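The structure file my_file16.pdb is reproduced below (PDB, C-alpha atoms).
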```pdb
MODEL        1
ATOM      1  CA  MET B   1      80.753 101.744 109.811
ATOM      2  CA  GLY B   2      78.208 103.947 108.125
ATOM      3  CA  ASN B   3      79.978 107.292 108.472
ATOM      4  CA  LEU B   4      80.541 109.335 105.339
ATOM      5  CA  ALA B   5      83.618 111.124 106.653
ATOM      6  CA  TRP B   6      86.583 109.880 108.634
ATOM      7  CA  MET B   7      89.015 112.180 110.447
ATOM      8  CA  THR B   8      92.475 111.445 111.742
ATOM      9  CA  SER B   9      95.218 113.724 112.977
ATOM     10  CA  VAL B  10      96.815 113.598 109.527
ATOM     11  CA  PHE B  11      94.101 113.877 106.908
ATOM     12  CA  ARG B  12      90.395 113.563 106.376
ATOM     13  CA  VAL B  13      88.603 111.215 104.008
ATOM     14  CA  ASP B  14      85.172 112.578 103.071
ATOM     15  CA  VAL B  15      83.345 110.659 100.371
ATOM     16  CA  ARG B  16      80.705 113.362 100.026
ATOM     17  CA  GLU B  17      83.327 115.980  99.186
ATOM     18  CA  GLN B  18      85.112 113.634  96.797
ATOM     19  CA  ALA B  19      81.843 112.754  95.057
ATOM     20  CA  HIS B  20      80.995 116.456  94.795
ATOM     21  CA  ALA B  21      84.367 117.224  93.192
ATOM     22  CA  LEU B  22      83.833 114.411  90.675
ATOM     23  CA  ARG B  23      80.426 115.843  89.769
ATOM     24  CA  ASP B  24      82.021 119.264  89.279
ATOM     25  CA  PHE B  25      84.478 117.686  86.871
ATOM     26  CA  GLY B  26      81.790 115.738  85.038
ATOM     27  CA  LYS B  27      79.597 118.819  84.484
ATOM     28  CA  ALA B  28      82.374 121.177  83.421
ATOM     29  CA  PRO B  29      83.156 122.077  79.808
ATOM     30  CA  VAL B  30      86.580 121.347  78.370
ATOM     31  CA  SER B  31      88.714 123.329  75.971
ATOM     32  CA  LEU B  32      87.170 123.504  72.507
ATOM     33  CA  GLY B  33      90.549 122.935  70.888
ATOM     34  CA  LEU B  34      91.339 119.741  72.786
ATOM     35  CA  TYR B  35      89.676 117.302  70.374
ATOM     36  CA  SER B  36      91.607 118.423  67.313
ATOM     37  CA  LEU B  37      94.902 118.237  69.222
ATOM     38  CA  VAL B  38      94.552 114.721  70.588
ATOM     39  CA  ARG B  39      92.872 113.108  67.580
ATOM     40  CA  LYS B  40      95.823 113.647  65.266
ATOM     41  CA  ASP B  41      97.973 110.698  64.166
ATOM     42  CA  HIS B  42     100.776 111.097  66.691
ATOM     43  CA  HIS B  43     103.964 109.052  66.471
ATOM     44  CA  ARG B  44     103.937 108.500  70.243
ATOM     45  CA  ILE B  45     101.809 109.371  73.245
ATOM     46  CA  ILE B  46     103.764 110.230  76.394
ATOM     47  CA  LEU B  47     102.083 110.230  79.797
ATOM     48  CA  THR B  48     104.095 111.960  82.493
ATOM     49  CA  GLY B  49     103.825 113.462  85.940
ATOM     50  CA  ALA B  50     105.307 113.069  89.408
ATOM     51  CA  GLY B  51     104.236 110.965  92.380
ATOM     52  CA  ALA B  52     100.501 110.328  92.605
ATOM     53  CA  SER B  53      99.847 112.328  89.447
ATOM     54  CA  HIS B  54     102.120 109.947  87.561
ATOM     55  CA  PHE B  55     100.538 106.821  89.063
ATOM     56  CA  ALA B  56      97.055 107.973  88.009
ATOM     57  CA  ALA B  57      98.086 107.686  84.342
ATOM     58  CA  LEU B  58      98.750 103.936  84.593
ATOM     59  CA  PRO B  59      95.203 102.895  83.537
ATOM     60  CA  SER B  60      95.474 105.174  80.497
ATOM     61  CA  TRP B  61      98.781 103.599  79.556
ATOM     62  CA  ARG B  62      97.140 100.170  79.678
ATOM     63  CA  ARG B  63      94.153 101.242  77.585
ATOM     64  CA  LEU B  64      96.200 103.045  74.959
ATOM     65  CA  THR B  65      98.620 100.147  74.674
ATOM     66  CA  SER B  66      95.701  97.737  74.244
ATOM     67  CA  GLY B  67      94.368 100.106  71.581
ATOM     68  CA  GLY B  68      97.531  99.651  69.534
ATOM     69  CA  ARG B  69      99.105 103.023  70.298
ATOM     70  CA  ASP B  70     102.807 103.657  70.885
ATOM     71  CA  VAL B  71     102.653 104.844  74.506
ATOM     72  CA  CYS B  72     105.305 105.774  77.034
ATOM     73  CA  TRP B  73     104.348 106.011  80.723
ATOM     74  CA  ILE B  74     107.286 107.679  82.440
ATOM     75  CA  ASP B  75     107.691 110.056  85.366
ATOM     76  CA  ALA B  76     108.881 113.575  84.634
ATOM     77  CA  ARG B  77     112.325 113.196  86.185
ATOM     78  CA  GLN B  78     113.075 110.121  84.064
ATOM     79  CA  LEU B  79     111.748 111.870  80.970
ATOM     80  CA  ILE B  80     114.091 114.795  81.554
ATOM     81  CA  ALA B  81     116.944 112.268  81.580
ATOM     82  CA  ASN B  82     115.663 110.651  78.370
ATOM     83  CA  PRO B  83     114.665 113.565  76.124
ATOM     84  CA  GLU B  84     114.984 111.466  72.965
ATOM     85  CA  LEU B  85     111.617 109.887  73.828
ATOM     86  CA  ILE B  86     109.943 113.178  72.902
ATOM     87  CA  THR B  87     109.651 113.457  69.141
ATOM     88  CA  ARG B  88     108.298 116.285  67.031
ATOM     89  CA  ASN B  89     105.153 114.261  66.346
ATOM     90  CA  SER B  90     104.531 113.190  69.946
ATOM     91  CA  LEU B  91     101.555 113.997  72.136
ATOM     92  CA  LEU B  92     102.720 114.876  75.658
ATOM     93  CA  VAL B  93     100.111 114.593  78.444
ATOM     94  CA  ALA B  94     101.557 116.115  81.613
ATOM     95  CA  THR B  95      99.759 115.943  84.958
ATOM     96  CA  SER B  96     100.324 118.144  87.998
ATOM     97  CA  ARG B  97      97.464 118.996  90.330
ATOM     98  CA  SER B  98      99.047 122.315  91.283
ATOM     99  CA  GLY B  99     100.616 122.863  87.881
ATOM    100  CA  LYS B 100     103.813 123.724  89.751
ATOM    101  CA  SER B 101     105.487 120.340  90.325
ATOM    102  CA  ASP B 102     109.237 120.974  90.101
ATOM    103  CA  ASP B 103     109.999 118.069  87.780
ATOM    104  CA  VAL B 104     106.996 118.610  85.527
ATOM    105  CA  VAL B 105     107.639 122.344  85.152
ATOM    106  CA  ALA B 106     111.367 121.719  84.567
ATOM    107  CA  LEU B 107     110.437 119.256  81.832
ATOM    108  CA  VAL B 108     107.960 121.382  79.873
ATOM    109  CA  THR B 109     109.958 124.600  80.192
ATOM    110  CA  SER B 110     113.113 122.877  78.923
ATOM    111  CA  LEU B 111     111.531 122.000  75.584
ATOM    112  CA  SER B 112     112.958 124.190  72.857
ATOM    113  CA  GLU B 113     111.113 124.785  69.593
ATOM    114  CA  LYS B 114     113.211 122.060  67.979
ATOM    115  CA  ARG B 115     112.342 119.538  70.714
ATOM    116  CA  ARG B 116     108.760 120.569  71.382
ATOM    117  CA  PRO B 117     106.214 117.803  70.707
ATOM    118  CA  ALA B 118     103.260 118.280  68.387
ATOM    119  CA  ALA B 119     101.012 119.059  71.357
ATOM    120  CA  ILE B 120     101.253 119.395  75.140
ATOM    121  CA  ILE B 121      98.106 118.756  77.175
ATOM    122  CA  ALA B 122      98.091 119.800  80.833
ATOM    123  CA  LEU B 123      95.957 118.105  83.469
ATOM    124  CA  THR B 124      95.881 120.549  86.372
ATOM    125  CA  ASP B 125      93.689 122.419  88.840
ATOM    126  CA  ASP B 126      95.207 125.805  88.003
ATOM    127  CA  PRO B 127      94.726 127.336  84.527
ATOM    128  CA  ALA B 128      97.261 130.068  85.390
ATOM    129  CA  SER B 129      99.972 127.639  86.518
ATOM    130  CA  PRO B 130     103.382 127.339  84.826
ATOM    131  CA  LEU B 131     102.337 123.989  83.323
ATOM    132  CA  ALA B 132      99.086 125.335  81.873
ATOM    133  CA  ARG B 133     100.850 128.384  80.420
ATOM    134  CA  VAL B 134     103.229 126.192  78.425
ATOM    135  CA  ALA B 135     100.549 123.712  77.289
ATOM    136  CA  ASP B 136      98.580 123.911  74.059
ATOM    137  CA  SER B 137      95.397 122.956  75.927
ATOM    138  CA  GLU B 138      94.378 121.830  79.390
ATOM    139  CA  ILE B 139      91.849 119.749  81.264
ATOM    140  CA  LEU B 140      90.986 121.344  84.594
ATOM    141  CA  LEU B 141      90.779 118.727  87.341
ATOM    142  CA  ARG B 142      88.438 120.719  89.596
ATOM    143  CA  SER B 143      89.636 118.668  92.563
ATOM    144  CA  GLN B 144      90.302 121.470  95.046
ATOM    145  CA  SER B 145      87.000 120.911  96.886
ATOM    146  CA  SER B 146      87.553 117.151  97.222
ATOM    147  CA  GLY B 147      89.353 117.257 100.559
ATOM    148  CA  SER B 148      91.626 114.518  99.208
ATOM    149  CA  PRO B 149      95.367 114.838  99.862
ATOM    150  CA  ARG B 150      96.082 114.341  96.141
ATOM    151  CA  GLY B 151      92.799 114.785  94.237
ATOM    152  CA  PHE B 152      93.469 111.311  92.873
ATOM    153  CA  LEU B 153      89.906 110.468  91.844
ATOM    154  CA  ASN B 154      89.587 113.548  89.652
ATOM    155  CA  ILE B 155      92.955 112.848  88.043
ATOM    156  CA  LEU B 156      91.792 109.326  87.197
ATOM    157  CA  ALA B 157      88.601 110.759  85.689
ATOM    158  CA  ALA B 158      90.548 113.275  83.618
ATOM    159  CA  HIS B 159      92.820 110.555  82.269
ATOM    160  CA  ASP B 160      89.836 108.381  81.394
ATOM    161  CA  TYR B 161      88.330 111.341  79.534
ATOM    162  CA  ILE B 162      91.378 112.182  77.436
ATOM    163  CA  THR B 163      92.190 108.522  76.752
ATOM    164  CA  SER B 164      88.659 107.904  75.526
ATOM    165  CA  MET B 165      88.938 110.955  73.276
ATOM    166  CA  ILE B 166      92.214 109.699  71.788
ATOM    167  CA  LEU B 167      90.722 106.269  71.120
ATOM    168  CA  GLY B 168      87.387 107.587  69.859
ATOM    169  CA  GLN B 169      85.491 105.811  72.656
ATOM    170  CA  ASP B 170      82.955 106.899  75.252
ATOM    171  CA  ASN B 171      84.453 107.693  78.626
ATOM    172  CA  ASP B 172      83.038 106.089  81.760
ATOM    173  CA  ASP B 173      80.121 107.954  83.322
ATOM    174  CA  VAL B 174      81.653 110.292  85.909
ATOM    175  CA  MET B 175      78.303 110.790  87.637
ATOM    176  CA  ALA B 176      78.006 107.019  88.130
ATOM    177  CA  THR B 177      81.510 106.986  89.636
ATOM    178  CA  ALA B 178      80.506 109.818  91.975
ATOM    179  CA  ARG B 179      77.490 107.824  93.165
ATOM    180  CA  VAL B 180      79.697 104.814  93.952
ATOM    181  CA  VAL B 181      82.113 107.029  95.893
ATOM    182  CA  ALA B 182      79.309 108.646  97.878
ATOM    183  CA  ALA B 183      77.867 105.234  98.756
ATOM    184  CA  THR B 184      81.158 103.691  99.925
ATOM    185  CA  LYS B 185      80.957 102.228 103.418
ATOM    186  CA  ILE B 186      83.932 101.018 105.424
ATOM    187  CA  PRO B 187      83.655  97.683 107.246
ATOM    188  CA  GLY B 188      84.628  97.811 110.894
ATOM    189  CA  HIS B 189      87.039  94.872 110.655
ATOM    190  CA  LEU B 190      89.306  96.975 108.436
ATOM    191  CA  THR B 191      89.960  99.172 111.479
ATOM    192  CA  GLN B 192      91.197  96.156 113.410
ATOM    193  CA  ALA B 193      93.547  95.138 110.590
ATOM    194  CA  ALA B 194      95.063  98.618 110.484
ATOM    195  CA  ALA B 195      95.399  98.832 114.263
ATOM    196  CA  SER B 196      97.329  95.571 114.572
ATOM    197  CA  LEU B 197      99.642  96.616 111.760
ATOM    198  CA  ALA B 198     100.343 100.058 113.207
ATOM    199  CA  GLU B 199     101.185  98.591 116.631
ATOM    200  CA  ASP B 200     104.114  96.525 115.323
ATOM    201  CA  PRO B 201     107.162  98.696 114.462
ATOM    202  CA  ASN B 202     108.694  95.801 112.495
ATOM    203  CA  SER B 203     105.651  95.101 110.372
ATOM    204  CA  ARG B 204     105.740  95.195 106.579
ATOM    205  CA  LEU B 205     102.855  96.352 104.406
ATOM    206  CA  VAL B 206     102.527  95.509 100.732
ATOM    207  CA  TYR B 207      99.866  96.862  98.384
ATOM    208  CA  ILE B 208      99.313  94.835  95.208
ATOM    209  CA  GLY B 209      97.069  95.974  92.369
ATOM    210  CA  PHE B 210      95.793  93.889  89.479
ATOM    211  CA  SER B 211      95.408  95.432  86.010
ATOM    212  CA  GLU B 212      94.182  99.059  86.278
ATOM    213  CA  HIS B 213      94.011  98.735  90.065
ATOM    214  CA  ALA B 214      97.808  98.835  90.195
ATOM    215  CA  ALA B 215      97.337 102.616  90.271
ATOM    216  CA  ALA B 216      95.515 102.309  93.621
ATOM    217  CA  ALA B 217      98.297 100.110  95.025
ATOM    218  CA  LEU B 218     101.072 102.508  94.022
ATOM    219  CA  TYR B 219      99.108 105.482  95.330
ATOM    220  CA  ALA B 220      98.350 103.759  98.648
ATOM    221  CA  ALA B 221     102.027 102.935  99.159
ATOM    222  CA  LEU B 222     103.009 106.544  98.455
ATOM    223  CA  LEU B 223     100.462 107.880 100.955
ATOM    224  CA  THR B 224     101.558 105.355 103.574
ATOM    225  CA  GLN B 225     105.207 106.314 103.152
ATOM    226  CA  GLU B 226     104.442 110.025 103.385
ATOM    227  CA  LEU B 227     101.901 110.032 106.204
ATOM    228  CA  THR B 228     102.763 107.119 108.496
ATOM    229  CA  THR B 229     105.720 105.321 110.050
ATOM    230  CA  VAL B 230     104.716 101.972 108.520
ATOM    231  CA  THR B 231     107.118 100.488 105.963
ATOM    232  CA  ALA B 232     105.087 100.126 102.773
ATOM    233  CA  GLU B 233     105.627  98.996  99.197
ATOM    234  CA  GLY B 234     103.326  99.123  96.176
ATOM    235  CA  TYR B 235     103.362  96.761  93.207
ATOM    236  CA  PRO B 236     101.454  96.003  90.052
ATOM    237  CA  SER B 237     100.618  92.314  90.374
ATOM    238  CA  TYR B 238     102.967  91.377  87.541
ATOM    239  CA  ASP B 239     105.910  92.907  89.432
ATOM    240  CA  PHE B 240     105.247  91.160  92.728
ATOM    241  CA  ASP B 241     107.102  87.909  93.325
ATOM    242  CA  PRO B 242     104.969  85.655  95.527
ATOM    243  CA  HIS B 243     107.894  83.284  96.007
ATOM    244  CA  ALA B 244     109.588  85.976  98.076
ATOM    245  CA  ALA B 245     106.694  85.989 100.531
ATOM    246  CA  PRO B 246     107.763  83.149 102.854
ATOM    247  CA  ALA B 247     110.979  84.953 103.778
ATOM    248  CA  GLY B 248     109.492  88.088 105.223
ATOM    249  CA  PHE B 249     105.729  88.234 105.729
ATOM    250  CA  ASN B 250     105.197  86.780 109.170
ATOM    251  CA  GLY B 251     103.223  89.364 111.153
ATOM    252  CA  SER B 252     102.890  91.707 108.206
ATOM    253  CA  ALA B 253     100.006  92.576 105.884
ATOM    254  CA  ALA B 254      99.097  92.643 102.209
ATOM    255  CA  VAL B 255      96.272  94.639 100.620
ATOM    256  CA  LEU B 256      95.118  93.354  97.225
ATOM    257  CA  PHE B 257      93.056  95.457  94.789
ATOM    258  CA  THR B 258      91.333  93.551  91.972
ATOM    259  CA  GLY B 259      88.001  95.094  91.062
ATOM    260  CA  ARG B 260      85.556  92.592  89.603
ATOM    261  CA  ASP B 261      87.533  91.099  86.725
ATOM    262  CA  PRO B 262      87.111  87.290  87.040
ATOM    263  CA  ALA B 263      90.645  86.401  85.906
ATOM    264  CA  ASP B 264      92.221  88.980  88.216
ATOM    265  CA  ASN B 265      90.148  87.731  91.134
ATOM    266  CA  GLU B 266      91.162  84.143  90.451
ATOM    267  CA  ARG B 267      94.833  85.133  90.538
ATOM    268  CA  ALA B 268      94.254  87.242  93.644
ATOM    269  CA  VAL B 269      92.686  84.304  95.484
ATOM    270  CA  GLU B 270      95.760  82.175  94.739
ATOM    271  CA  LEU B 271      98.092  84.960  95.857
ATOM    272  CA  ALA B 272      96.071  85.564  99.020
ATOM    273  CA  ALA B 273      96.432  81.905  99.921
ATOM    274  CA  ASP B 274     100.217  82.070  99.414
ATOM    275  CA  LEU B 275     100.478  85.218 101.523
ATOM    276  CA  ASP B 276      98.329  83.746 104.281
ATOM    277  CA  ALA B 277     100.537  80.646 104.338
ATOM    278  CA  ALA B 278     103.549  82.965 104.680
ATOM    279  CA  GLY B 279     102.041  84.544 107.805
ATOM    280  CA  ALA B 280     100.607  87.726 106.325
ATOM    281  CA  GLU B 281      97.276  89.262 107.228
ATOM    282  CA  VAL B 282      95.446  89.743 103.915
ATOM    283  CA  VAL B 283      92.911  92.384 102.889
ATOM    284  CA  LEU B 284      91.226  91.750  99.522
ATOM    285  CA  ILE B 285      89.156  94.365  97.685
ATOM    286  CA  GLY B 286      87.461  92.472  94.866
ATOM    287  CA  SER B 287      84.562  90.160  94.071
ATOM    288  CA  ARG B 288      85.709  86.953  95.766
ATOM    289  CA  ALA B 289      85.664  85.812  99.375
ATOM    290  CA  VAL B 290      88.850  84.264 100.743
ATOM    291  CA  ARG B 291      89.072  82.276 103.955
ATOM    292  CA  LYS B 292      91.008  84.085 106.725
ATOM    293  CA  ALA B 293      91.182  87.329 104.679
ATOM    294  CA  THR B 294      89.422  90.627 105.318
ATOM    295  CA  CYS B 295      87.274  90.838 102.167
ATOM    296  CA  ILE B 296      85.635  93.993 100.850
ATOM    297  CA  GLN B 297      83.308  93.671  97.874
ATOM    298  CA  SER B 298      84.113  95.825  94.859
ATOM    299  CA  PRO B 299      80.987  97.498  93.431
ATOM    300  CA  THR B 300      79.354  96.497  90.188
ATOM    301  CA  GLY B 301      79.575  98.993  87.365
ATOM    302  CA  HIS B 302      82.252 100.257  85.040
ATOM    303  CA  VAL B 303      85.982 100.004  85.715
ATOM    304  CA  SER B 304      86.362 103.661  86.734
ATOM    305  CA  ALA B 305      83.799 103.224  89.513
ATOM    306  CA  GLN B 306      85.540 100.093  90.765
ATOM    307  CA  MET B 307      88.893 101.901  90.750
ATOM    308  CA  ALA B 308      87.415 104.870  92.610
ATOM    309  CA  HIS B 309      86.108 102.519  95.272
ATOM    310  CA  SER B 310      89.599 100.987  95.628
ATOM    311  CA  VAL B 311      91.121 104.444  96.034
ATOM    312  CA  VAL B 312      88.658 105.480  98.747
ATOM    313  CA  ILE B 313      89.313 102.244 100.660
ATOM    314  CA  ALA B 314      93.068 102.835 100.290
ATOM    315  CA  GLU B 315      92.839 106.410 101.583
ATOM    316  CA  TYR B 316      90.759 105.356 104.546
ATOM    317  CA  PHE B 317      93.127 102.502 105.393
ATOM    318  CA  VAL B 318      96.092 104.911 105.370
ATOM    319  CA  SER B 319      94.159 107.372 107.532
ATOM    320  CA  LEU B 320      93.728 104.582 110.100
ATOM    321  CA  LEU B 321      97.436 103.802 110.035
ATOM    322  CA  ALA B 322      98.217 107.479 110.547
ATOM    323  CA  ALA B 323      95.755 108.007 113.398
TER     324      ALA B 323
ENDMDL
END
```
Would you mind writing the file's structure down as structure tokens?
Amino acid sequence: MGNLAWMTSVFRVDVREQAHALRDFGKAPVSLGLYSLVRKDHHRIILTGAGASHFAALPSWRRLTSGGRDVCWIDARQLIANPELITRNSLLVATSRSGKSDDVVALVTSLSEKRRPAAIIALTDDPASPLARVADSEILLRSQSSGSPRGFLNILAAHDYITSMILGQDNDDVMATARVVAATKIPGHLTQAAASLAEDPNSRLVYIGFSEHAAAALYAALLTQELTTVTAEGYPSYDFDPHAAPAGFNGSAAVLFTGRDPADNERAVELAADLDAAGAEVVLIGSRAVRKATCIQSPTGHVSAQMAHSVVIAEYFVSLLAA
């Protein structure tokens, strides 16, 4: 299928609009005071949000942890229940596309002067939102023109930007990510996989993401739960137990996101074989071909571009289920 936009009765996936929104983000200036706030020697970095906005911080958590930082990736509701995680020398990065998420606003507005972290950074579309008003600085997502139900690609780009700033590294080229998004094509056989799944009211759908691509799996499961009647679950690969597959996968489906990492693809091939043996229909977005699976090649390029491709495929797949 060569179309650049796909419409269903529930939502529209338009790669041109999403690419345009990414370019808007990549060209926009950021707050002049942001660098000095995030480059301080913080005791802990806390990444929080709700729903899709929380899931988009998972790659940042992985990078910061690998960089030797003390990092906590926790949704806003859990953080409210565990306020001791916020110390006076913490950096709190809070994400809400609207800036009005109930849990996120409840969290940041509950912080007294004695409990307030060293800095609060807001990732939001709205500079006048309750979240932005409380924050010490903000990164504007500029995702409103994307047509996406969650602006997920721009949130990923914003997290890559701030994480790179914290670590003193170059962020991935947003314009290159936008080009990959704009060039994404959807293979026709994915439509058939979605149709057979949607027709069976007892079917089970599992999304599994490897490494950073776990964010795409969690996001896809959330969209599926919210927009379709299909029972869906999302897992980082390390949380998925393949030994549970034989008990309940006959007639169901699994979508695996790996990107192009060789080790992740090797593990994904083994898992795909186990799932196929358990009776599941398998869709693999990565760099390897697997017999009997619907395989979609992940693009070459940096990790952010590969993740963006996974997200677009996930959104389109959910739009098919919801049609």
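With all atoms listed in the file as the atoms that count, the residue of B:Asp41, B:Asp276, B:Asp136, B:Glu17 with the shortest distance to Ala122 in chain B is B:Asp136.
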Output as a Markdown table one row per residue of range 79-162 of chain B within 8 Å of range 58-75 of chain B: the closest atom pair and its distance in Å to one decimal place, counting only C-alpha atoms, sorted by chain and residue number ascending.
```
| residue | atom | partner | partner_atom | distance |
| --- | --- | --- | --- | --- |
| B:Leu79 | CA | B:Asp75 | CA | 6.3 |
| B:His159 | CA | B:Ser60 | CA | 6.3 |
| B:Asp160 | CA | B:Ser60 | CA | 6.5 |
```
Hey, can I get the axis-aligned box for range 176-187 of chain B? All listed atoms, 3 Å padding on each side, centre and edge lengths in Å to one decimal, as AutoDock Vina command-line options.
```
--center_x 80.7 --center_y 103.8 --center_z 97.7 --size_x 12.4 --size_y 18.1 --size_z 25.1
```
Query - Interatomic distance, CA of Ala21 in chain B to CA of Ser148 in chain B (Å, one decimal) - result: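 A separation of 9.8 Å between them.
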Query raised in the report: Distance CA of Leu153 in chain B-CA of Ala308 in chain B, one decimal place?
Result: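 A separation of 6.2 Å between them.
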Query raised in the report: Within 12 Å of (101.0, 115.7, 70.5), in the coordinates the file gives, what residues turn up when you count only C-alpha atoms, written out as number ranges by chain?
Result: B: 34-47, 71, 86-94, 115-122, 135-137, 166
Write a file of the selected residues as a JSON list (two decimals), in the frame of the given file, keeping C-alpha atoms.
```
[["chain", "number", "residue", "atom", "x", "y", "z"],
["B", 34, "LEU", "CA", 91.34, 119.74, 72.79],
["B", 35, "TYR", "CA", 89.68, 117.30, 70.37],
["B", 36, "SER", "CA", 91.61, 118.42, 67.31],
["B", 37, "LEU", "CA", 94.90, 118.24, 69.22],
["B", 38, "VAL", "CA", 94.55, 114.72, 70.59],
["B", 39, "ARG", "CA", 92.87, 113.11, 67.58],
["B", 40, "LYS", "CA", 95.82, 113.65, 65.27],
["B", 41, "ASP", "CA", 97.97, 110.70, 64.17],
["B", 42, "HIS", "CA", 100.78, 111.10, 66.69],
["B", 43, "HIS", "CA", 103.96, 109.05, 66.47],
["B", 44, "ARG", "CA", 103.94, 108.50, 70.24],
["B", 45, "ILE", "CA", 101.81, 109.37, 73.24],
["B", 46, "ILE", "CA", 103.76, 110.23, 76.39],
["B", 47, "LEU", "CA", 102.08, 110.23, 79.80],
["B", 71, "VAL", "CA", 102.65, 104.84, 74.51],
["B", 86, "ILE", "CA", 109.94, 113.18, 72.90],
["B", 87, "THR", "CA", 109.65, 113.46, 69.14],
["B", 88, "ARG", "CA", 108.30, 116.28, 67.03],
["B", 89, "ASN", "CA", 105.15, 114.26, 66.35],
["B", 90, "SER", "CA", 104.53, 113.19, 69.95],
["B", 91, "LEU", "CA", 101.56, 114.00, 72.14],
["B", 92, "LEU", "CA", 102.72, 114.88, 75.66],
["B", 93, "VAL", "CA", 100.11, 114.59, 78.44],
["B", 94, "ALA", "CA", 101.56, 116.12, 81.61],
["B", 115, "ARG", "CA", 112.34, 119.54, 70.71],
["B", 116, "ARG", "CA", 108.76, 120.57, 71.38],
["B", 117, "PRO", "CA", 106.21, 117.80, 70.71],
["B", 118, "ALA", "CA", 103.26, 118.28, 68.39],
["B", 119, "ALA", "CA", 101.01, 119.06, 71.36],
["B", 120, "ILE", "CA", 101.25, 119.40, 75.14],
["B", 121, "ILE", "CA", 98.11, 118.76, 77.18],
["B", 122, "ALA", "CA", 98.09, 119.80, 80.83],
["B", 135, "ALA", "CA", 100.55, 123.71, 77.29],
["B", 136, "ASP", "CA", 98.58, 123.91, 74.06],
["B", 137, "SER", "CA", 95.40, 122.96, 75.93],
["B", 166, "ILE", "CA", 92.21, 109.70, 71.79]]
```
